[in-house]
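Shown next: run17.cif, given as mmCIF, C-alpha atoms.
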data_start
#
loop_
_atom_site.label_atom_id
_atom_site.label_comp_id
_atom_site.auth_asym_id
_atom_site.auth_seq_id
_atom_site.Cartn_x
_atom_site.Cartn_y
_atom_site.Cartn_z
CA MET A 22 79.03 93.86 137.28
CA GLY A 23 80.28 96.42 139.70
CA ALA A 24 78.14 99.35 140.59
CA SER A 25 80.83 101.87 139.81
CA LEU A 26 83.97 102.30 137.84
CA LEU A 27 86.05 101.83 140.95
CA ASP A 28 84.27 98.56 141.81
CA ASP A 29 84.90 97.42 138.26
CA VAL A 30 88.58 98.19 138.48
CA LEU A 31 88.91 96.55 141.87
CA ALA A 32 86.90 93.41 141.02
CA ASP A 33 88.16 92.53 137.55
CA THR A 34 91.86 92.32 138.07
CA LEU A 35 92.28 89.39 135.70
CA ASP A 36 91.98 89.93 131.99
CA PRO A 37 88.59 88.41 131.09
CA ALA A 38 90.16 87.11 127.87
CA TYR A 39 91.69 84.21 129.79
CA GLU A 40 88.26 83.13 131.03
CA GLN A 41 86.79 83.46 127.56
CA ALA A 42 89.60 81.48 125.97
CA ALA A 43 89.22 78.76 128.57
CA THR A 44 85.46 78.45 128.06
CA ALA A 45 85.90 78.52 124.31
CA ARG A 46 88.45 75.75 124.53
CA ALA A 47 86.17 73.70 126.77
CA ALA A 48 83.27 74.19 124.39
CA ALA A 49 85.35 73.14 121.38
CA GLY A 50 86.40 69.93 123.06
CA ALA A 51 89.78 70.98 124.37
CA PRO A 52 92.09 70.76 121.42
CA LEU A 53 95.16 72.11 123.19
CA PRO A 54 96.97 74.49 120.90
CA SER A 55 100.49 73.54 119.95
CA ARG A 56 102.21 73.78 123.28
CA ARG A 57 105.71 74.25 122.04
CA ARG A 58 104.95 77.30 119.97
CA GLY A 59 102.99 78.77 122.86
CA ARG A 60 105.92 78.26 125.19
CA THR A 61 108.41 79.94 122.88
CA MET A 62 106.07 82.86 122.45
CA VAL A 63 105.61 83.21 126.18
CA ALA A 64 109.36 82.97 126.75
CA LEU A 65 109.97 85.60 124.07
CA THR A 66 107.37 87.89 125.56
CA MET A 67 108.91 87.48 128.99
CA ALA A 68 112.30 88.27 127.50
CA VAL A 69 110.86 91.44 126.02
CA ALA A 70 109.38 92.33 129.42
CA GLY A 71 112.75 91.80 131.08
CA LEU A 72 114.51 93.83 128.40
CA LEU A 73 112.02 96.66 128.81
CA ALA A 74 112.45 96.70 132.57
CA ALA A 75 116.25 96.58 132.37
CA VAL A 76 116.44 99.34 129.76
CA THR A 77 114.12 101.55 131.76
CA TYR A 78 116.14 100.93 134.88
CA SER A 79 119.43 101.81 133.22
CA GLN A 80 117.86 104.92 131.68
CA ALA A 81 116.63 106.12 135.05
CA ALA A 82 119.98 105.39 136.67
CA ALA A 83 121.84 107.18 133.88
CA SER A 84 119.66 110.29 134.11
CA ALA A 85 120.10 110.40 137.88
CA GLN A 86 123.84 110.12 137.39
CA GLY A 87 123.74 112.85 134.76
CA ARG A 88 121.94 115.17 137.14
CA GLU A 89 124.53 114.47 139.79
CA GLN A 90 127.32 115.23 137.31
CA VAL A 91 125.75 118.52 136.26
CA ARG A 92 125.27 119.47 139.89
CA SER A 93 128.84 118.76 140.88
CA ALA A 94 130.08 120.58 137.77
CA LEU A 95 128.06 123.63 138.76
CA ILE A 96 129.39 123.50 142.32
CA GLU A 97 132.92 123.28 140.93
CA ASP A 98 132.26 126.30 138.71
CA ILE A 99 131.00 128.32 141.65
CA GLN A 100 133.97 127.44 143.80
CA ARG A 101 136.46 128.18 141.04
CA ASP A 102 134.88 131.53 140.24
CA SER A 103 134.70 132.64 143.85
CA GLY A 104 138.37 131.69 144.11
CA VAL A 105 139.02 133.93 141.10
CA THR A 106 137.10 136.73 142.77
CA ASP A 107 139.17 136.39 145.93
CA GLU A 108 142.35 136.41 143.89
CA LEU A 109 141.25 139.54 142.05
CA ALA A 110 140.42 141.27 145.33
CA VAL A 111 143.89 140.49 146.64
CA GLN A 112 145.39 141.73 143.36
CA LEU A 113 143.38 144.94 143.62
CA ASP A 114 144.65 145.46 147.14
CA THR A 115 148.30 145.04 146.17
CA LEU A 116 147.88 147.25 143.10
CA GLN A 117 146.21 149.97 145.12
CA SER A 118 148.99 149.94 147.68
CA ASP A 119 151.53 149.96 144.81
CA VAL A 120 149.87 153.02 143.33
CA ALA A 121 149.77 154.77 146.70
CA ARG A 122 153.42 153.99 147.40
CA THR A 123 154.61 155.08 143.98
CA ARG A 124 152.58 158.27 144.22
CA ASP A 125 153.94 159.00 147.68
CA GLU A 126 157.52 158.41 146.50
CA LEU A 127 157.15 160.67 143.47
CA LEU A 128 155.39 163.45 145.35
CA ALA A 129 157.75 163.35 148.30
CA ALA A 130 160.63 164.37 146.02
CA SER A 131 159.55 168.00 145.62
CA ALA A 132 158.24 170.67 147.99
CA VAL A 133 155.08 171.19 145.88
CA GLY A 134 154.55 167.46 145.83
CA GLN A 135 155.00 167.31 149.58
CA GLY A 136 152.29 169.92 149.98
CA ALA A 137 150.00 168.02 147.65
CA LEU A 138 150.69 164.86 149.59
CA ASP A 139 149.73 166.52 152.85
CA ASP A 140 146.54 167.83 151.26
CA LEU A 141 145.78 164.38 149.94
CA ALA A 142 146.36 162.77 153.32
CA ARG A 143 144.03 165.27 154.98
CA ALA A 144 141.39 164.73 152.31
CA GLU A 145 141.68 160.97 152.63
CA GLN A 146 141.30 161.14 156.38
CA GLY A 147 138.31 163.42 156.03
CA ALA A 148 136.72 161.12 153.49
CA ALA A 149 137.34 158.10 155.71
CA ALA A 150 139.41 156.59 152.90
CA VAL A 151 142.21 155.35 155.15
CA PRO A 152 142.07 153.02 158.14
CA VAL A 153 142.51 154.77 161.46
CA LYS A 154 143.13 153.82 165.07
CA GLY A 155 142.94 155.57 168.35
CA PRO A 156 141.14 155.78 171.68
CA GLY A 157 137.40 156.18 171.81
CA LEU A 158 134.04 154.87 172.78
CA LEU A 159 132.45 151.52 171.96
CA VAL A 160 128.64 151.58 172.01
CA THR A 161 126.83 148.25 171.83
CA LEU A 162 123.19 148.00 170.80
CA ALA A 163 121.51 144.57 170.73
CA ASN A 164 118.04 143.19 170.16
CA ALA A 165 116.02 142.26 173.20
CA ASP A 166 116.63 138.75 174.48
CA PRO A 167 113.60 136.81 173.21
CA SER A 168 113.43 134.66 176.33
CA ALA A 169 113.49 137.62 178.69
CA ASP A 170 109.87 138.58 178.37
CA ALA A 171 108.36 135.65 176.49
CA ASP A 172 105.69 133.41 177.92
CA PRO A 173 107.35 130.01 178.19
CA VAL A 174 104.13 127.93 178.14
CA GLY A 175 101.31 128.97 175.89
CA GLY A 176 102.94 131.68 173.91
CA GLY A 177 103.32 129.89 170.61
CA THR A 178 104.54 133.11 169.11
CA THR A 179 107.95 132.30 167.78
CA GLU A 180 108.03 135.74 166.22
CA GLU A 181 110.15 138.25 168.03
CA ASP A 182 108.48 141.34 169.29
CA PRO A 183 109.37 143.92 166.62
CA ARG A 184 109.65 146.53 169.35
CA GLY A 185 112.52 144.53 170.85
CA ARG A 186 114.62 144.92 167.71
CA VAL A 187 117.21 147.55 167.02
CA ARG A 188 116.05 149.71 164.13
CA ASP A 189 117.97 151.86 161.71
CA GLY A 190 116.68 154.93 163.55
CA ASP A 191 118.28 153.81 166.79
CA LEU A 192 121.63 153.36 165.08
CA GLN A 193 121.29 156.72 163.31
CA LEU A 194 120.54 158.32 166.65
CA VAL A 195 123.60 156.80 168.30
CA VAL A 196 125.84 157.72 165.37
CA ASN A 197 124.57 161.29 165.25
CA ALA A 198 125.04 161.64 168.99
CA LEU A 199 128.61 160.35 168.61
CA TRP A 200 129.40 162.81 165.80
CA ALA A 201 127.88 165.59 167.90
CA ALA A 202 129.95 164.51 170.87
CA GLY A 203 133.14 165.01 168.88
CA ALA A 204 133.83 161.65 167.28
CA GLU A 205 136.41 161.80 164.47
CA ALA A 206 135.72 158.41 162.91
CA VAL A 207 132.79 156.03 163.34
CA SER A 208 132.19 152.46 162.22
CA ILE A 209 129.32 150.01 162.74
CA ASN A 210 130.32 146.34 162.98
CA GLY A 211 133.47 147.07 161.05
CA GLN A 212 131.73 149.15 158.36
CA ARG A 213 133.35 152.55 158.41
CA LEU A 214 131.02 155.47 157.92
CA GLY A 215 132.16 157.77 155.14
CA PRO A 216 130.72 161.16 154.20
CA THR A 217 127.93 159.62 152.12
CA THR A 218 127.34 156.37 153.99
CA ALA A 219 123.70 155.67 154.67
CA ILE A 220 122.22 153.66 157.55
CA ARG A 221 119.00 152.14 156.32
CA PHE A 222 116.49 149.46 157.09
CA ALA A 223 115.68 146.89 154.42
CA GLY A 224 113.15 144.32 155.49
CA GLU A 225 114.62 142.69 158.56
CA ALA A 226 118.19 143.83 158.14
CA VAL A 227 119.98 147.05 158.90
CA LEU A 228 122.14 148.14 155.98
CA VAL A 229 125.20 150.25 156.48
CA ASP A 230 126.67 151.45 153.21
CA PHE A 231 124.20 149.03 151.55
CA ARG A 232 125.85 146.07 153.24
CA PRO A 233 123.91 144.21 155.90
CA VAL A 234 125.08 144.30 159.50
CA THR A 235 123.65 142.01 162.11
CA ASN A 236 122.77 142.00 165.76
CA PRO A 237 124.55 142.90 168.05
CA TYR A 238 125.51 146.28 166.61
CA GLU A 239 128.86 147.61 167.80
CA VAL A 240 129.40 151.27 167.06
CA SER A 241 133.02 152.30 167.47
CA ALA A 242 133.89 155.97 167.59
CA ILE A 243 137.37 157.43 167.80
CA GLY A 244 137.84 160.69 169.65
CA ASN A 245 138.89 162.08 172.99
CA PRO A 246 137.40 159.43 175.28
CA ASP A 247 136.57 161.80 178.11
CA THR A 248 134.78 164.46 176.09
CA LEU A 249 133.11 161.78 173.98
CA TRP A 250 131.87 160.08 177.10
CA THR A 251 130.49 163.17 178.78
CA ASN A 252 128.99 164.71 175.65
CA PHE A 253 127.47 161.43 174.56
CA LEU A 254 125.86 160.91 177.95
CA ALA A 255 124.66 164.48 178.07
CA SER A 256 122.85 164.29 174.75
CA PRO A 257 119.06 164.13 175.24
CA GLU A 258 118.59 161.61 172.39
CA VAL A 259 120.88 159.16 174.12
CA ARG A 260 118.99 159.57 177.35
CA SER A 261 115.66 158.87 175.67
CA LEU A 262 117.18 155.91 173.83
CA ALA A 263 118.38 154.59 177.17
CA VAL A 264 114.83 154.85 178.54
CA ILE A 265 113.40 153.15 175.45
CA SER A 266 115.91 150.30 175.55
CA GLU A 267 115.23 149.89 179.25
CA SER A 268 111.50 149.45 178.70
CA PHE A 269 111.78 147.13 175.66
CA GLY A 270 114.69 145.08 176.87
CA LEU A 271 117.20 146.25 174.27
CA ARG A 272 120.82 146.03 175.25
CA PHE A 273 122.51 149.42 175.24
CA ASP A 274 126.04 149.53 176.61
CA PHE A 275 128.99 151.78 176.12
CA ALA A 276 132.56 151.55 177.22
CA ARG A 277 135.75 153.56 176.91
CA LYS A 278 138.43 151.90 174.79
CA ASP A 279 142.10 152.75 174.69
CA GLU A 280 142.65 151.44 171.20
CA LEU A 281 140.08 151.09 168.44
CA HIS A 282 140.90 150.09 164.86
CA LEU A 283 138.56 151.32 162.16
CA PRO A 284 138.90 150.17 158.53
CA ALA A 285 138.67 152.41 155.48
CA ALA A 286 135.27 153.19 154.04
CA SER A 287 134.44 152.49 150.44
CA ILE A 288 134.96 155.68 148.49
CA PRO A 289 131.90 156.84 146.60
CA GLU A 290 132.48 157.56 142.96
CA LEU A 291 131.64 161.17 142.23
CA ARG A 292 129.88 161.34 138.90
CA PHE A 293 128.46 164.84 138.88
CA ALA A 294 130.10 166.72 141.71
CA ARG A 295 133.53 168.14 140.94
CA PRO A 296 135.83 170.45 142.83
CA VAL A 297 135.23 174.14 142.40
CA GLY A 298 137.69 175.72 140.00
CA ALA A 299 138.79 172.46 138.43
CA GLU A 300 138.34 171.83 134.76
CA ALA A 301 135.40 169.67 133.82
CA PRO A 302 136.94 166.34 132.90
CA THR A 303 134.01 164.84 130.96
CA PRO A 304 132.20 165.64 128.86
CA THR A 305 134.54 168.20 127.43
CA PRO A 306 132.60 171.21 126.24
CA ASP A 307 133.43 172.59 122.82
CA PRO A 308 136.42 174.87 123.25
CA THR A 309 135.46 178.36 122.24
CA PRO A 310 137.62 179.36 119.33
CA GLY A 311 140.09 182.09 120.10
CA GLY A 312 139.07 181.99 123.76
CA MET B 10 110.41 77.57 134.19
CA ILE B 11 110.98 78.60 130.59
CA PRO B 12 109.21 81.98 131.06
CA ILE B 13 111.45 82.77 134.03
CA ILE B 14 114.54 81.91 132.00
CA GLY B 15 113.23 84.20 129.26
CA LEU B 16 112.70 87.01 131.77
CA ALA B 17 116.22 86.61 133.16
CA ALA B 18 117.68 86.53 129.66
CA GLY B 19 115.82 89.72 128.78
CA VAL B 20 117.06 91.50 131.91
CA LEU B 21 120.66 90.43 131.29
CA LEU B 22 120.42 91.40 127.65
CA GLY B 23 119.11 94.82 128.55
CA LEU B 24 121.76 95.43 131.21
CA PHE B 25 124.73 94.25 129.13
CA LEU B 26 123.81 95.56 125.70
CA ASP B 27 122.47 98.82 127.18
CA PRO B 28 120.71 99.82 123.97
CA THR B 29 120.09 103.49 123.35
CA VAL B 30 116.43 104.40 123.26
CA PRO B 31 115.41 107.21 120.92
CA LEU B 32 114.82 110.39 122.89
CA GLY B 33 111.21 110.61 121.77
CA LEU B 34 110.40 107.18 123.19
CA GLN B 35 112.06 107.67 126.56
CA PRO B 36 109.06 109.20 128.39
CA TYR B 37 106.95 106.15 127.54
CA LEU B 38 109.35 103.53 128.88
CA PRO B 39 108.24 103.60 132.54
CA ILE B 40 104.58 103.38 131.55
CA ALA B 41 105.37 100.52 129.17
CA VAL B 42 107.14 98.70 131.99
CA VAL B 43 104.14 99.10 134.30
CA ALA B 44 101.87 97.79 131.55
CA ALA B 45 104.19 94.84 130.93
CA LEU B 46 104.24 94.11 134.66
CA ASP B 47 100.43 94.04 134.65
CA ALA B 48 100.37 91.56 131.76
CA VAL B 49 102.99 89.36 133.42
CA PHE B 50 101.13 89.27 136.73
CA GLY B 51 97.87 88.56 134.89
CA GLY B 52 99.50 85.68 133.05
CA LEU B 53 100.94 84.23 136.25
CA ARG B 54 97.58 84.38 137.95
CA ALA B 55 95.83 82.78 134.97
CA ARG B 56 98.37 80.01 135.07
CA LEU B 57 97.72 79.40 138.75
CA ASP B 58 93.98 79.53 138.06
CA GLY B 59 94.57 76.88 135.39
CA ILE B 60 93.23 78.94 132.51
CA PHE B 61 96.51 80.22 131.07
CA ASP B 62 96.57 80.70 127.34
CA ALA B 63 99.74 81.63 125.50
CA LYS B 64 97.95 83.52 122.76
CA VAL B 65 95.93 85.58 125.21
CA PHE B 66 99.07 86.32 127.20
CA VAL B 67 101.11 87.52 124.24
CA ILE B 68 98.31 89.60 122.83
CA SER B 69 97.45 91.14 126.19
CA PHE B 70 101.11 91.95 126.77
CA VAL B 71 101.61 93.66 123.44
CA SER B 72 98.32 95.52 123.52
CA ASN B 73 98.85 96.60 127.13
CA VAL B 74 102.25 98.09 126.38
CA VAL B 75 101.16 99.75 123.16
CA VAL B 76 97.88 101.13 124.52
CA ALA B 77 99.49 102.47 127.68
CA ALA B 78 102.19 104.23 125.69
CA LEU B 79 99.61 105.49 123.22
CA ILE B 80 97.39 106.93 125.95
CA VAL B 81 100.31 108.80 127.45
CA PHE B 82 101.42 109.97 124.00
CA LEU B 83 97.93 111.26 123.31
CA GLY B 84 97.86 112.95 126.69
CA ASP B 85 101.18 114.62 125.93
CA GLN B 86 99.76 115.96 122.69
CA LEU B 87 96.70 117.29 124.53
CA GLY B 88 98.71 118.74 127.41
CA VAL B 89 97.46 116.30 130.03
CA GLY B 90 100.28 113.77 129.70
CA ALA B 91 101.23 113.80 133.38
CA GLN B 92 97.62 113.32 134.52
CA LEU B 93 97.00 110.52 132.04
CA SER B 94 100.17 108.71 133.05
CA THR B 95 98.96 108.96 136.63
CA ALA B 96 95.63 107.47 135.57
CA VAL B 97 97.33 104.61 133.73
CA VAL B 98 99.64 103.90 136.64
CA VAL B 99 96.75 103.95 139.13
CA VAL B 100 94.56 101.57 137.11
CA LEU B 101 97.39 99.20 136.26
CA GLY B 102 98.72 99.41 139.79
CA ILE B 103 95.36 98.36 141.21
CA ARG B 104 95.25 95.45 138.79
CA ILE B 105 98.76 94.40 139.66
CA PHE B 106 97.87 94.51 143.36
CA GLY B 107 94.70 92.46 142.79
CA ASN B 108 96.54 89.86 140.75
CA ALA B 109 99.37 89.73 143.23
CA ALA B 110 96.82 89.11 145.99
CA ALA B 111 95.23 86.30 143.96
CA ILE B 112 98.66 84.76 143.35
CA ARG B 113 99.38 85.02 147.06
CA ARG B 114 96.14 83.18 147.84
CA HIS B 115 97.15 80.44 145.41
CA VAL B 116 100.67 80.08 146.72
CA PHE B 117 100.10 80.42 150.46
CA ARG B 118 96.44 79.37 150.59
CA ALA B 119 95.76 82.44 152.64
#

Can you give me the file's structure in the form of structure tokens?
Amino acid sequence: MGASLLDDVLADTLDPAYEQAATARAAAGAPLPSRRRGRTMVALTMAVAGLLAAVTYSQAAASAQGREQVRSALIEDIQRDSGVTDELAVQLDTLQSDVARTRDELLAASAVGQGALDDLARAEQGAAAVPVKGPGLLVTLANADPSADADPVGGGTTEEDPRGRVRDGDLQLVVNALWAAGAEAVSINGQRLGPTTAIRFAGEAVLVDFRPVTNPYEVSAIGNPDTLWTNFLASPEVRSLAVISESFGLRFDFARKDELHLPAASIPELRFARPVGAEAPTPTPDPTPGG
Amino acid sequence: MIPIIGLAAGVLLGLFLDPTVPLGLQPYLPIAVVAALDAVFGGLRARLDGIFDAKVFVISFVSNVVVAALIVFLGDQLGVGAQLSTAVVVVLGIRIFGNAAAIRRHVFRA
């Protein structure tokens, strides 16, 4: 016999029972067993084998089909629900403009209302709650071109040099320099900066107002183009950023624009802060009796 | 000839009747098919070797199918069902290959 289990398995592929039966038959003088019954049994067994194979095949096919059905149903669900979300966003937009229009109409009727409306408009502009347009400066920051400095032959480093990437600090620097230079409204890649908007770094992505913005970063600032230009250039941070971007291959451009359109920022919900002098809306403190 | 007719009849029966298999038995069907395939190839080779025996064939078929399913069932109970089915498929697969090679030598003399 084979030296190992594997040899055994590889050598004895035929059931030894056949051999034994044959030798037994030869020893007993070859009385062939009833051939007809044997044939029917073999045919039946083969039928069972065929049945087994066919059933297994149809089971496998059915389960594959079932998976496909579930998958397409899920995809349909996703598409339908994102359609619903889009619809709701549109509805929200129309309702908000309805509210604003109705409010404006009602307030415009009286002198007090007119004053309130003017206050509201000022507050909304200050809070970056309304879209604005005007002349200004467009500053473009972009990651270093990977091919600019890379070794084309033996480099093997597909990773970008992290120093060639624009970081949140660079954007903060540019934005602060723009505010300091007299910008009245600033947006990054179409994300308007409100009073509480943060510019942060999360992993590989720069987040503005917790939404990711991608390379290249276009900072639009509305203000007097001439003073913006001169003050922005005069700021020492911008000069050092220019030197840094020069040495690491970052792109750092700026251009005067006659017309920039900035969208509204998302308004933060104030949960704890409330205007001085206003009544506390919630939670209502116990009214002092007789007070 | 008769065995081939039986096989075809079984396949057609299975495809047209499409019987529902109890959920508990479904995992053992593929293993049972591999075991049946091994018995069928063994029988074919024995026939070509001239030592075919109907009784041996039927018994080897039934026991192959039952034992293979039983081993996998046991493995499932012990938490090694996937590994044991792999073992069964490997061993039976090697046997099927060996028998197929022997049949090839008989048919093509090569």

Expansion of the PyMOL selection byres ((chain B) within 6 of (chain A)) into residues, as a ChimeraX atom specification: /B:12,15-16,19-20,23-24,38,42,45,51,60,63,104,107-108

Nearest to Arg54 (chain B), chosen from B:Leu101, B:Leu93, B:Phe66, B:Ile80, with only C-alpha atoms counted in the distances: B:Phe66

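By all atoms listed in the file, and with residues fewer than 6 positions from Asp85 (chain B) along its chain excluded, the set lying at most 10 Å from it is Pro36, Leu79, Ala91, Gln92, Leu93 and Ser94 of chain B.
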
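Between CA of Ala47 (chain A) and CA of Ile112 (chain B) lies a distance of 23.5 Å.
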
Interatomic distance (Å, one decimal) between CA of Arg57 (chain A) and CA of Asp62 (chain B): 12.4 Å

Hits from the PyMOL selection byres ((chain A and resi 269) around 8), listed as a VMD selection string: chain A and resid 165 184 to 185 265 to 268 270 to 271

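As for CA of Leu116 (chain A) and CA of Gly147 (chain A), they are spaced 22.8 Å apart.
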